[in-house]
$ cat start39.cif   # mmCIF, C-alpha atoms
data_my_file
#
loop_
_atom_site.label_atom_id
_atom_site.label_comp_id
_atom_site.auth_asym_id
_atom_site.auth_seq_id
_atom_site.Cartn_x
_atom_site.Cartn_y
_atom_site.Cartn_z
CA MET A 252 -26.94 4.35 3.37
CA GLU A 253 -23.53 4.71 4.96
CA ILE A 254 -23.91 1.52 6.98
CA LEU A 255 -24.99 -0.29 3.82
CA PHE A 256 -21.91 0.98 2.02
CA PHE A 257 -19.76 -0.12 4.95
CA TYR A 258 -21.09 -3.66 4.77
CA LEU A 259 -20.55 -3.73 1.01
CA VAL A 260 -16.91 -2.67 1.37
CA ALA A 261 -16.47 -5.02 4.33
CA LEU A 262 -17.75 -7.89 2.20
CA VAL A 263 -15.28 -7.03 -0.56
CA ALA A 264 -12.49 -6.79 2.02
CA VAL A 265 -13.29 -10.17 3.56
CA VAL A 266 -13.64 -11.88 0.18
CA SER A 267 -10.32 -10.44 -1.07
CA GLY A 268 -8.70 -11.39 2.23
CA PHE A 269 -9.95 -14.91 1.67
CA LEU A 270 -8.53 -14.88 -1.86
CA VAL A 271 -5.13 -13.85 -0.47
CA ILE A 272 -4.83 -17.09 1.46
CA ARG A 273 -6.66 -19.38 -0.95
CA CYS A 274 -5.31 -18.40 -4.37
CA GLN A 275 -3.09 -20.94 -6.07
CA SER A 276 -0.76 -18.44 -7.66
CA PRO A 277 1.14 -16.10 -5.32
CA VAL A 278 0.71 -13.22 -7.77
CA ASN A 279 -3.08 -13.61 -7.56
CA SER A 280 -2.78 -13.57 -3.77
CA ALA A 281 -0.81 -10.34 -4.01
CA LEU A 282 -3.55 -8.77 -6.13
CA GLY A 283 -6.10 -9.85 -3.53
CA LEU A 284 -3.96 -8.10 -0.93
CA VAL A 285 -4.01 -4.90 -3.01
CA ASN A 286 -7.79 -5.11 -3.02
CA THR A 287 -7.85 -5.51 0.75
CA PHE A 288 -5.60 -2.46 1.12
CA PHE A 289 -7.98 -0.39 -0.98
CA CYS A 290 -10.91 -1.49 1.16
CA LEU A 291 -8.96 -0.46 4.27
CA ALA A 292 -8.37 2.93 2.65
CA ILE A 293 -12.13 3.32 2.20
CA PHE A 294 -12.60 2.47 5.88
CA TYR A 295 -10.12 5.18 6.82
CA VAL A 296 -12.10 7.67 4.76
CA MET A 297 -15.29 6.59 6.53
CA LEU A 298 -13.55 7.13 9.87
CA HIS A 299 -12.78 10.73 8.78
CA ALA A 300 -9.08 10.03 8.31
CA PRO A 301 -8.44 10.89 4.65
CA PHE A 302 -4.69 11.27 5.17
CA MET A 303 -4.45 7.71 6.45
CA ALA A 304 -6.41 6.62 3.39
CA ALA A 305 -3.97 8.42 1.09
CA ILE A 306 -1.01 6.79 2.85
CA GLN A 307 -2.70 3.41 2.71
CA VAL A 308 -3.00 3.67 -1.05
CA MET A 309 0.38 5.32 -1.69
CA VAL A 310 2.58 3.31 0.65
CA TYR A 311 0.83 0.00 1.11
CA ALA A 312 -1.06 -0.55 -2.13
CA GLY A 313 1.70 1.21 -4.07
CA ALA A 314 5.18 0.76 -2.70
CA ILE A 315 4.92 -2.23 -0.38
CA MET A 316 2.92 -4.27 -2.88
CA VAL A 317 5.55 -3.58 -5.54
CA LEU A 318 8.16 -4.93 -3.13
CA ILE A 319 6.07 -8.02 -2.30
CA LEU A 320 5.52 -8.71 -6.01
CA PHE A 321 9.23 -8.37 -6.73
CA VAL A 322 10.07 -10.73 -3.88
CA ILE A 323 7.56 -13.25 -5.28
CA MET A 324 9.20 -12.96 -8.68
CA LEU A 325 12.70 -13.15 -7.18
CA LEU A 326 11.89 -16.38 -5.40
CA ASN A 327 10.19 -17.83 -8.47
CA LEU A 328 7.85 -20.10 -6.61
CA GLY A 329 7.29 -22.94 -8.98
CA THR A 330 4.78 -25.72 -8.75
CA GLU A 331 5.86 -26.42 -5.17
CA ALA A 332 4.17 -23.31 -3.81
CA ARG A 333 0.99 -23.87 -5.77
CA LYS A 334 -0.11 -26.75 -3.60
CA SER A 335 -2.83 -25.81 -1.18
CA TYR A 336 -1.87 -25.97 2.44
CA LEU A 337 -4.58 -27.31 4.67
CA HIS A 338 -2.67 -28.77 7.59
CA GLY A 339 -3.37 -27.02 10.87
CA ILE A 340 -6.37 -25.21 9.43
CA VAL A 341 -8.68 -26.49 12.19
CA TRP A 342 -6.59 -25.18 15.06
CA SER A 343 -5.76 -21.87 13.44
CA GLY A 344 -9.42 -21.45 12.50
CA LEU A 345 -10.50 -22.12 16.08
CA ALA A 346 -7.91 -19.65 17.38
CA SER A 347 -9.13 -16.96 14.96
CA LEU A 348 -12.73 -17.60 15.98
CA ALA A 349 -11.78 -17.26 19.66
CA VAL A 350 -10.12 -13.91 18.94
CA LEU A 351 -13.15 -12.79 16.93
CA PHE A 352 -15.56 -13.64 19.76
CA ASN A 353 -13.30 -11.86 22.22
CA VAL A 354 -13.37 -8.73 20.06
CA ILE A 355 -17.16 -8.90 19.68
CA TYR A 356 -17.52 -9.37 23.44
CA PHE A 357 -15.45 -6.29 24.24
CA ILE A 358 -17.24 -4.19 21.62
CA LYS A 359 -20.61 -5.22 23.07
CA ARG A 360 -19.42 -4.24 26.52
CA GLY A 361 -18.33 -0.91 25.12
CA ARG A 362 -14.81 -1.07 26.48
CA VAL A 363 -12.77 -0.93 23.29
CA THR A 364 -11.77 2.70 23.54
CA GLY A 365 -9.83 4.28 26.36
CA ALA A 366 -10.36 7.68 27.90
CA GLU A 367 -10.96 10.50 25.44
CA GLY A 368 -7.93 12.67 24.65
CA ASP A 369 -7.64 16.37 23.84
CA ILE A 370 -8.34 15.94 20.18
CA THR A 371 -11.89 14.80 19.68
CA ASP A 372 -13.77 13.88 16.55
CA PHE A 373 -15.20 17.37 16.52
CA THR A 374 -11.74 19.02 16.52
CA VAL A 375 -10.62 16.78 13.69
CA GLN A 376 -13.62 17.78 11.63
CA SER A 377 -13.36 21.52 12.31
CA VAL A 378 -9.57 21.94 12.01
CA GLY A 379 -9.01 19.31 9.37
CA HIS A 380 -7.31 15.98 9.56
CA VAL A 381 -4.16 16.73 7.58
CA GLU A 382 -3.76 20.13 9.24
CA LEU A 383 -3.87 18.53 12.69
CA ILE A 384 -1.31 15.91 11.72
CA GLY A 385 0.93 18.54 10.17
CA LYS A 386 0.69 20.83 13.19
CA THR A 387 1.40 18.07 15.70
CA MET A 388 4.16 16.46 13.69
CA PHE A 389 6.08 19.66 12.98
CA THR A 390 5.80 21.20 16.44
CA GLU A 391 5.24 18.65 19.19
CA PHE A 392 6.84 15.62 17.51
CA LEU A 393 9.64 17.44 15.75
CA LEU A 394 12.41 15.16 17.02
CA PRO A 395 10.68 11.89 16.04
CA PHE A 396 10.06 13.40 12.62
CA GLU A 397 13.75 14.17 12.13
CA ILE A 398 14.71 10.75 13.51
CA ALA A 399 12.40 9.23 10.91
CA SER A 400 14.67 10.68 8.23
CA ILE A 401 17.64 8.89 9.83
CA LEU A 402 15.61 5.68 9.86
CA LEU A 403 14.93 6.14 6.15
CA LEU A 404 18.63 6.82 5.58
CA VAL A 405 19.49 3.53 7.31
CA ALA A 406 16.92 1.79 5.11
CA ILE A 407 18.52 3.25 1.98
CA VAL A 408 22.00 2.14 3.02
CA GLY A 409 20.68 -1.27 4.04
CA ALA A 410 18.97 -1.80 0.69
CA VAL A 411 22.14 -0.91 -1.22
CA VAL A 412 24.35 -3.11 0.98
CA LEU A 413 21.96 -6.05 0.67
CA ALA A 414 21.32 -5.95 -3.03
CA LYS A 415 24.50 -4.57 -4.52
CA LYS A 416 27.27 -6.94 -5.55
CA GLU A 417 30.20 -4.70 -4.75
CA VAL A 418 29.54 -1.92 -2.28
CA MET B 293 -18.53 15.11 4.86
CA LEU B 294 -18.66 11.74 3.18
CA ASP B 295 -20.91 13.21 0.51
CA SER B 296 -17.86 14.92 -0.95
CA TYR B 297 -16.54 11.48 -1.87
CA LEU B 298 -19.56 10.76 -4.03
CA PRO B 299 -17.78 11.76 -7.29
CA ILE B 300 -14.91 9.37 -6.51
CA ILE B 301 -17.33 6.52 -5.82
CA THR B 302 -19.17 7.31 -9.05
CA LEU B 303 -15.87 7.24 -10.92
CA ILE B 304 -14.90 3.89 -9.37
CA VAL B 305 -18.29 2.41 -10.22
CA ILE B 306 -18.09 3.66 -13.83
CA ALA B 307 -14.54 2.32 -14.18
CA LEU B 308 -15.56 -1.06 -12.77
CA CYS B 309 -18.61 -1.29 -15.03
CA PHE B 310 -16.57 -0.32 -18.07
CA SER B 311 -13.77 -2.79 -17.45
CA ILE B 312 -16.03 -5.70 -16.49
CA GLY B 313 -18.45 -4.80 -19.29
CA SER B 314 -15.69 -4.76 -21.92
CA VAL B 315 -14.55 -8.24 -20.93
CA ILE B 316 -18.07 -9.67 -20.79
CA PHE B 317 -19.31 -8.12 -24.03
CA SER B 318 -16.20 -8.99 -26.02
CA ARG B 319 -16.62 -12.56 -24.85
CA LEU B 320 -20.34 -12.60 -25.64
CA ILE B 321 -20.49 -10.90 -29.04
CA GLY B 322 -16.88 -11.19 -30.21
CA GLU B 323 -16.05 -13.65 -32.97
CA LYS B 324 -13.68 -16.47 -32.03
CA LYS B 325 -11.54 -18.10 -34.69
CA PRO B 326 -8.48 -19.22 -32.77
CA THR B 327 -5.36 -20.37 -34.56
CA ALA B 328 -2.05 -21.47 -33.08
CA ILE B 329 -0.40 -18.19 -34.13
CA LYS B 330 -3.18 -16.07 -32.64
CA LEU B 331 -3.06 -17.88 -29.32
CA SER B 332 0.70 -17.63 -28.88
CA PRO B 333 1.85 -15.05 -26.32
CA TYR B 334 2.53 -11.67 -27.86
CA GLU B 335 6.08 -10.47 -27.38
CA CYS B 336 6.74 -7.39 -29.51
CA GLY B 337 6.41 -9.29 -32.75
CA MET B 338 9.13 -11.84 -32.11
CA PRO B 339 8.55 -15.48 -31.19
CA PRO B 340 8.47 -15.91 -27.42
CA VAL B 341 11.65 -17.27 -25.83
CA GLY B 342 10.98 -19.66 -22.96
CA SER B 343 8.61 -19.12 -20.07
CA ALA B 344 7.86 -15.76 -18.55
CA ARG B 345 7.99 -17.34 -15.08
CA GLU B 346 11.68 -16.75 -14.72
CA ARG B 347 13.48 -15.58 -11.62
CA PHE B 348 13.76 -11.84 -11.66
CA SER B 349 17.04 -10.08 -11.12
CA ILE B 350 17.91 -8.62 -7.71
CA LYS B 351 18.25 -5.30 -9.53
CA PHE B 352 14.47 -4.95 -9.48
CA TYR B 353 14.48 -5.49 -5.72
CA ILE B 354 16.82 -2.59 -5.05
CA ILE B 355 14.71 -0.30 -7.24
CA ALA B 356 11.61 -1.33 -5.29
CA MET B 357 13.33 -0.77 -1.95
CA LEU B 358 14.54 2.68 -2.93
CA PHE B 359 11.09 3.49 -4.29
CA ILE B 360 9.49 2.67 -0.91
CA VAL B 361 11.94 4.83 0.99
CA PHE B 362 11.52 7.88 -1.21
CA ASP B 363 7.76 7.28 -1.38
CA ILE B 364 7.59 7.52 2.41
CA GLU B 365 9.67 10.68 2.25
CA VAL B 366 7.03 12.21 -0.03
CA VAL B 367 4.28 11.14 2.37
CA PHE B 368 5.92 13.25 5.08
CA MET B 369 5.89 16.25 2.78
CA TYR B 370 2.13 16.15 2.29
CA PRO B 371 1.04 17.41 5.75
CA TRP B 372 3.99 19.78 5.68
CA ALA B 373 2.80 21.31 2.42
CA VAL B 374 -0.70 21.75 3.85
CA MET B 375 0.68 23.54 6.92
CA PHE B 376 3.49 25.33 5.06
CA LYS B 377 2.25 28.90 5.45
CA ARG B 378 1.32 28.54 9.11
CA LEU B 379 4.60 26.87 10.05
CA GLY B 380 6.59 29.66 8.44
CA LEU B 381 10.38 29.66 8.28
CA PHE B 382 10.60 27.17 11.16
CA GLY B 383 8.77 24.53 9.16
CA PHE B 384 10.91 25.26 6.15
CA VAL B 385 14.13 24.67 8.12
CA GLU B 386 12.67 21.50 9.64
CA MET B 387 11.88 20.05 6.27
CA GLY B 388 15.25 21.27 5.01
CA VAL B 389 17.03 19.18 7.67
CA PHE B 390 14.82 16.20 6.83
CA ILE B 391 15.56 16.47 3.12
CA LEU B 392 19.25 17.07 3.76
CA ILE B 393 19.59 13.83 5.75
CA LEU B 394 17.83 11.94 2.97
CA LEU B 395 19.99 13.70 0.37
CA VAL B 396 22.97 12.07 2.06
CA GLY B 397 21.29 8.74 1.40
CA TYR B 398 20.55 9.73 -2.17
CA ALA B 399 24.18 10.74 -2.73
CA TYR B 400 25.27 7.41 -1.23
CA VAL B 401 22.96 5.48 -3.56
CA TRP B 402 24.19 7.45 -6.54
CA LYS B 403 27.84 7.08 -5.57
CA LYS B 404 27.53 3.33 -5.11
CA GLY B 405 25.99 3.08 -8.55
CA ALA B 406 22.76 1.50 -7.30
CA LEU B 407 20.85 3.57 -9.85
CA GLU B 408 22.93 2.18 -12.70
CA TRP B 409 21.51 -0.75 -14.65
CA GLU B 410 24.68 -2.76 -14.94
#

$ encode --input "start39.cif" --output "structure tokens"
Amino acid sequence: MEILFFYLVALVAVVSGFLVIRCQSPVNSALGLVNTFFCLAIFYVMLHAPFMAAIQVMVYAGAIMVLILFVIMLLNLGTEARKSYLHGIVWSGLASLAVLFNVIYFIKRGRVTGAEGDITDFTVQSVGHVELIGKTMFTEFLLPFEIASILLLVAIVGAVVLAKKEV
Amino acid sequence: MLDSYLPIITLIVIALCFSIGSVIFSRLIGEKKPTAIKLSPYECGMPPVGSARERFSIKFYIIAMLFIVFDIEVVFMYPWAVMFKRLGLFGFVEMGVFILILLVGYAYVWKKGALEWE
């Protein structure tokens, strides 16, 4: 049942990913991208990472898509952008296929994951995903967390400097 | 564990069926008597002025940027809120510093008038 559901969501993800690159209108492509993000969120849930799923929806499908849509509307891609681009599709397709076969090869050999760390799947399930993230982030990775706020501060200042006429 | 997501899946399926069903059924059984007035784009009762495919103002961009930044700030607060009682005063101070640094940014944005719609 779960594997069936996985393939269903994977199909939706691949189809919407295809729509992203094949849609004529950039806004339609953006909507396809939203759909792909939602499918990724479902995958995170299936991997027992509900917090990642929540972030995926909040930050990627919410905030970043809003930004992408605004940039599309800022640029106002007219009829020029609506042409379909097919040049170089053979080579890029071959390259993607090569990467895909590489990935399949390594999965079949069972060498995709490294050595197991302290926190196993069992710990995540018994303690709770968000609790583990919270505990690690606010004790062990306290400094990176505070630095993240400085990074966000820089982003705020950068946005104002970029987009404001008179700073 | 995944069974607890069954209500959400049910909700998504119902929402999808309802939205797709509304479109299909209104197309199938709805009456169609199009006139030029009916087919014109609706714009709050007034006749539409030009195309909607205009370039948007940079003002929207800055709102979107600021939205992302403060959205990410809220994301950090979620695991903190879950662990709030166990982290105690230490966690409170940590988050206080985090918020304080971002408050500087907020004050900057406010001071520079980036929140004004000029």

$ closest_atom_pairs --input "start39.cif" --of "chain B" --to "chain A" --cutoff "10 Å" --atoms "all atoms listed in the file" --output "tab-separated table"
residue	atom	partner	partner_atom	distance
B:Met293	CA	A:His299	CA	8.2
B:Leu294	CA	A:Met297	CA	7.0
B:Asp295	CA	A:Glu253	CA	9.9
B:Tyr297	CA	A:Val296	CA	8.8
B:Arg345	CA	A:Asn327	CA	7.0
B:Glu346	CA	A:Asn327	CA	6.5
B:Arg347	CA	A:Asn327	CA	5.1
B:Phe348	CA	A:Leu325	CA	4.8
B:Ser349	CA	A:Leu325	CA	6.6
B:Ile350	CA	A:Ala414	CA	6.4
B:Lys351	CA	A:Ala414	CA	7.2
B:Phe352	CA	A:Phe321	CA	6.8
B:Tyr353	CA	A:Phe321	CA	6.1
B:Ile354	CA	A:Ala414	CA	6.0
B:Ile355	CA	A:Leu318	CA	9.0
B:Ala356	CA	A:Leu318	CA	5.4
B:Met357	CA	A:Ala410	CA	6.3
B:Leu358	CA	A:Ile407	CA	6.3
B:Phe359	CA	A:Ala314	CA	6.7
B:Ile360	CA	A:Ala314	CA	5.0
B:Val361	CA	A:Leu403	CA	6.1
B:Phe362	CA	A:Leu403	CA	8.3
B:Asp363	CA	A:Val310	CA	6.8
B:Ile364	CA	A:Val310	CA	6.8
B:Glu365	CA	A:Ser400	CA	7.8
B:Val366	CA	A:Met309	CA	9.7
B:Val367	CA	A:Ile306	CA	6.9
B:Phe368	CA	A:Phe396	CA	8.6
B:Met369	CA	A:Gly385	CA	9.2
B:Tyr370	CA	A:Val381	CA	8.2
B:Pro371	CA	A:Gly385	CA	4.6
B:Trp372	CA	A:Gly385	CA	5.6
B:Ala373	CA	A:Gly385	CA	8.4
B:Val374	CA	A:Glu382	CA	6.4
B:Met375	CA	A:Gly385	CA	6.0
B:Phe376	CA	A:Gly385	CA	8.9
B:Arg378	CA	A:Lys386	CA	8.7
B:Leu379	CA	A:Lys386	CA	7.9
B:Phe382	CA	A:Phe389	CA	9.0
B:Gly383	CA	A:Phe389	CA	6.7
B:Glu386	CA	A:Phe389	CA	7.6
B:Met387	CA	A:Glu397	CA	8.5
B:Val389	CA	A:Glu397	CA	7.5
B:Phe390	CA	A:Ser400	CA	5.7
B:Ile391	CA	A:Ser400	CA	7.8
B:Leu392	CA	A:Ser400	CA	9.0
B:Ile393	CA	A:Ser400	CA	6.3
B:Leu394	CA	A:Leu404	CA	5.8
B:Leu395	CA	A:Leu404	CA	8.7
B:Val396	CA	A:Leu404	CA	7.7
B:Gly397	CA	A:Leu404	CA	5.3
B:Tyr398	CA	A:Ile407	CA	8.0
B:Tyr400	CA	A:Val408	CA	7.5
B:Val401	CA	A:Val411	CA	6.9
B:Lys403	CA	A:Val418	CA	9.7
B:Lys404	CA	A:Val418	CA	6.3
B:Gly405	CA	A:Val418	CA	8.8
B:Ala406	CA	A:Val411	CA	6.6
B:Leu407	CA	A:Val411	CA	9.8

$ resolve_selection --input "start39.cif" --expression "the PyMOL selection byres ((chain A and resi 283-287) around 12)" --output "short mmCIF file (atom, residue, chain, number, x, y, z; two decimals) with C-alpha atoms, keeping the file's coordinate frame"
data_model
loop_
_atom_site.label_atom_id
_atom_site.label_comp_id
_atom_site.auth_asym_id
_atom_site.auth_seq_id
_atom_site.Cartn_x
_atom_site.Cartn_y
_atom_site.Cartn_z
CA VAL A 260 -16.91 -2.67 1.37
CA ALA A 261 -16.47 -5.02 4.33
CA LEU A 262 -17.75 -7.89 2.20
CA VAL A 263 -15.28 -7.03 -0.56
CA ALA A 264 -12.49 -6.79 2.02
CA VAL A 265 -13.29 -10.17 3.56
CA VAL A 266 -13.64 -11.88 0.18
CA SER A 267 -10.32 -10.44 -1.07
CA GLY A 268 -8.70 -11.39 2.23
CA PHE A 269 -9.95 -14.91 1.67
CA LEU A 270 -8.53 -14.88 -1.86
CA VAL A 271 -5.13 -13.85 -0.47
CA ILE A 272 -4.83 -17.09 1.46
CA ARG A 273 -6.66 -19.38 -0.95
CA CYS A 274 -5.31 -18.40 -4.37
CA GLN A 275 -3.09 -20.94 -6.07
CA SER A 276 -0.76 -18.44 -7.66
CA PRO A 277 1.14 -16.10 -5.32
CA VAL A 278 0.71 -13.22 -7.77
CA ASN A 279 -3.08 -13.61 -7.56
CA SER A 280 -2.78 -13.57 -3.77
CA ALA A 281 -0.81 -10.34 -4.01
CA LEU A 282 -3.55 -8.77 -6.13
CA PHE A 288 -5.60 -2.46 1.12
CA PHE A 289 -7.98 -0.39 -0.98
CA CYS A 290 -10.91 -1.49 1.16
CA LEU A 291 -8.96 -0.46 4.27
CA ALA A 292 -8.37 2.93 2.65
CA ILE A 293 -12.13 3.32 2.20
CA PHE A 294 -12.60 2.47 5.88
CA GLN A 307 -2.70 3.41 2.71
CA VAL A 308 -3.00 3.67 -1.05
CA MET A 309 0.38 5.32 -1.69
CA VAL A 310 2.58 3.31 0.65
CA TYR A 311 0.83 0.00 1.11
CA ALA A 312 -1.06 -0.55 -2.13
CA GLY A 313 1.70 1.21 -4.07
CA ALA A 314 5.18 0.76 -2.70
CA ILE A 315 4.92 -2.23 -0.38
CA MET A 316 2.92 -4.27 -2.88
CA VAL A 317 5.55 -3.58 -5.54
CA ILE A 319 6.07 -8.02 -2.30
CA LEU A 320 5.52 -8.71 -6.01
#

$ atom_distance --input "start39.cif" --atom1 "CA of Ser377 (chain A)" --atom2 "CA of Pro301 (chain A)"
14.0 Å

$ atom_distance --input "start39.cif" --atom1 "CA of Val375 (chain A)" --atom2 "CA of Ala300 (chain A)"
8.8 Å

$ atom_distance --input "start39.cif" --atom1 "CA of Gly339 (chain A)" --atom2 "CA of Phe352 (chain A)"
20.2 Å

$ build_atoms --input "start39.cif" --residues "region 374-385 of chain A" --atoms "N, CA, C and O atoms" --output "compact mmCIF listing (two decimals), in the coordinates of the input"
# COMPACT_ATOMS: atom_id res chain seq x y z
N THR A 374 -12.92 18.21 16.88
CA THR A 374 -11.74 19.02 16.52
C THR A 374 -11.21 18.60 15.16
O THR A 374 -10.82 19.43 14.35
N VAL A 375 -11.14 17.29 14.96
CA VAL A 375 -10.62 16.78 13.69
C VAL A 375 -11.44 17.32 12.53
O VAL A 375 -10.91 17.76 11.51
N GLN A 376 -12.76 17.34 12.73
CA GLN A 376 -13.62 17.78 11.63
C GLN A 376 -13.53 19.28 11.39
O GLN A 376 -13.62 19.75 10.26
N SER A 377 -13.36 20.06 12.50
CA SER A 377 -13.36 21.52 12.31
C SER A 377 -12.00 22.02 11.84
O SER A 377 -11.92 22.91 11.01
N VAL A 378 -10.91 21.46 12.40
CA VAL A 378 -9.57 21.94 12.01
C VAL A 378 -9.13 21.28 10.70
O VAL A 378 -8.51 21.93 9.86
N GLY A 379 -9.46 20.05 10.55
CA GLY A 379 -9.01 19.31 9.37
C GLY A 379 -7.99 18.28 9.76
O GLY A 379 -7.12 18.52 10.60
N HIS A 380 -8.11 17.13 9.18
CA HIS A 380 -7.31 15.98 9.56
C HIS A 380 -5.83 16.19 9.25
O HIS A 380 -4.96 16.05 10.11
N VAL A 381 -5.55 16.56 7.99
CA VAL A 381 -4.16 16.73 7.58
C VAL A 381 -3.52 17.89 8.31
O VAL A 381 -2.35 17.83 8.72
N GLU A 382 -4.29 18.97 8.53
CA GLU A 382 -3.76 20.13 9.24
C GLU A 382 -3.34 19.75 10.65
O GLU A 382 -2.27 20.15 11.13
N LEU A 383 -4.19 18.95 11.32
CA LEU A 383 -3.87 18.53 12.69
C LEU A 383 -2.60 17.70 12.72
O LEU A 383 -1.73 17.91 13.56
N ILE A 384 -2.51 16.76 11.77
CA ILE A 384 -1.31 15.91 11.72
C ILE A 384 -0.09 16.77 11.47
O ILE A 384 0.93 16.64 12.15
N GLY A 385 -0.20 17.69 10.50
CA GLY A 385 0.93 18.54 10.17
C GLY A 385 1.36 19.38 11.36
O GLY A 385 2.54 19.47 11.68
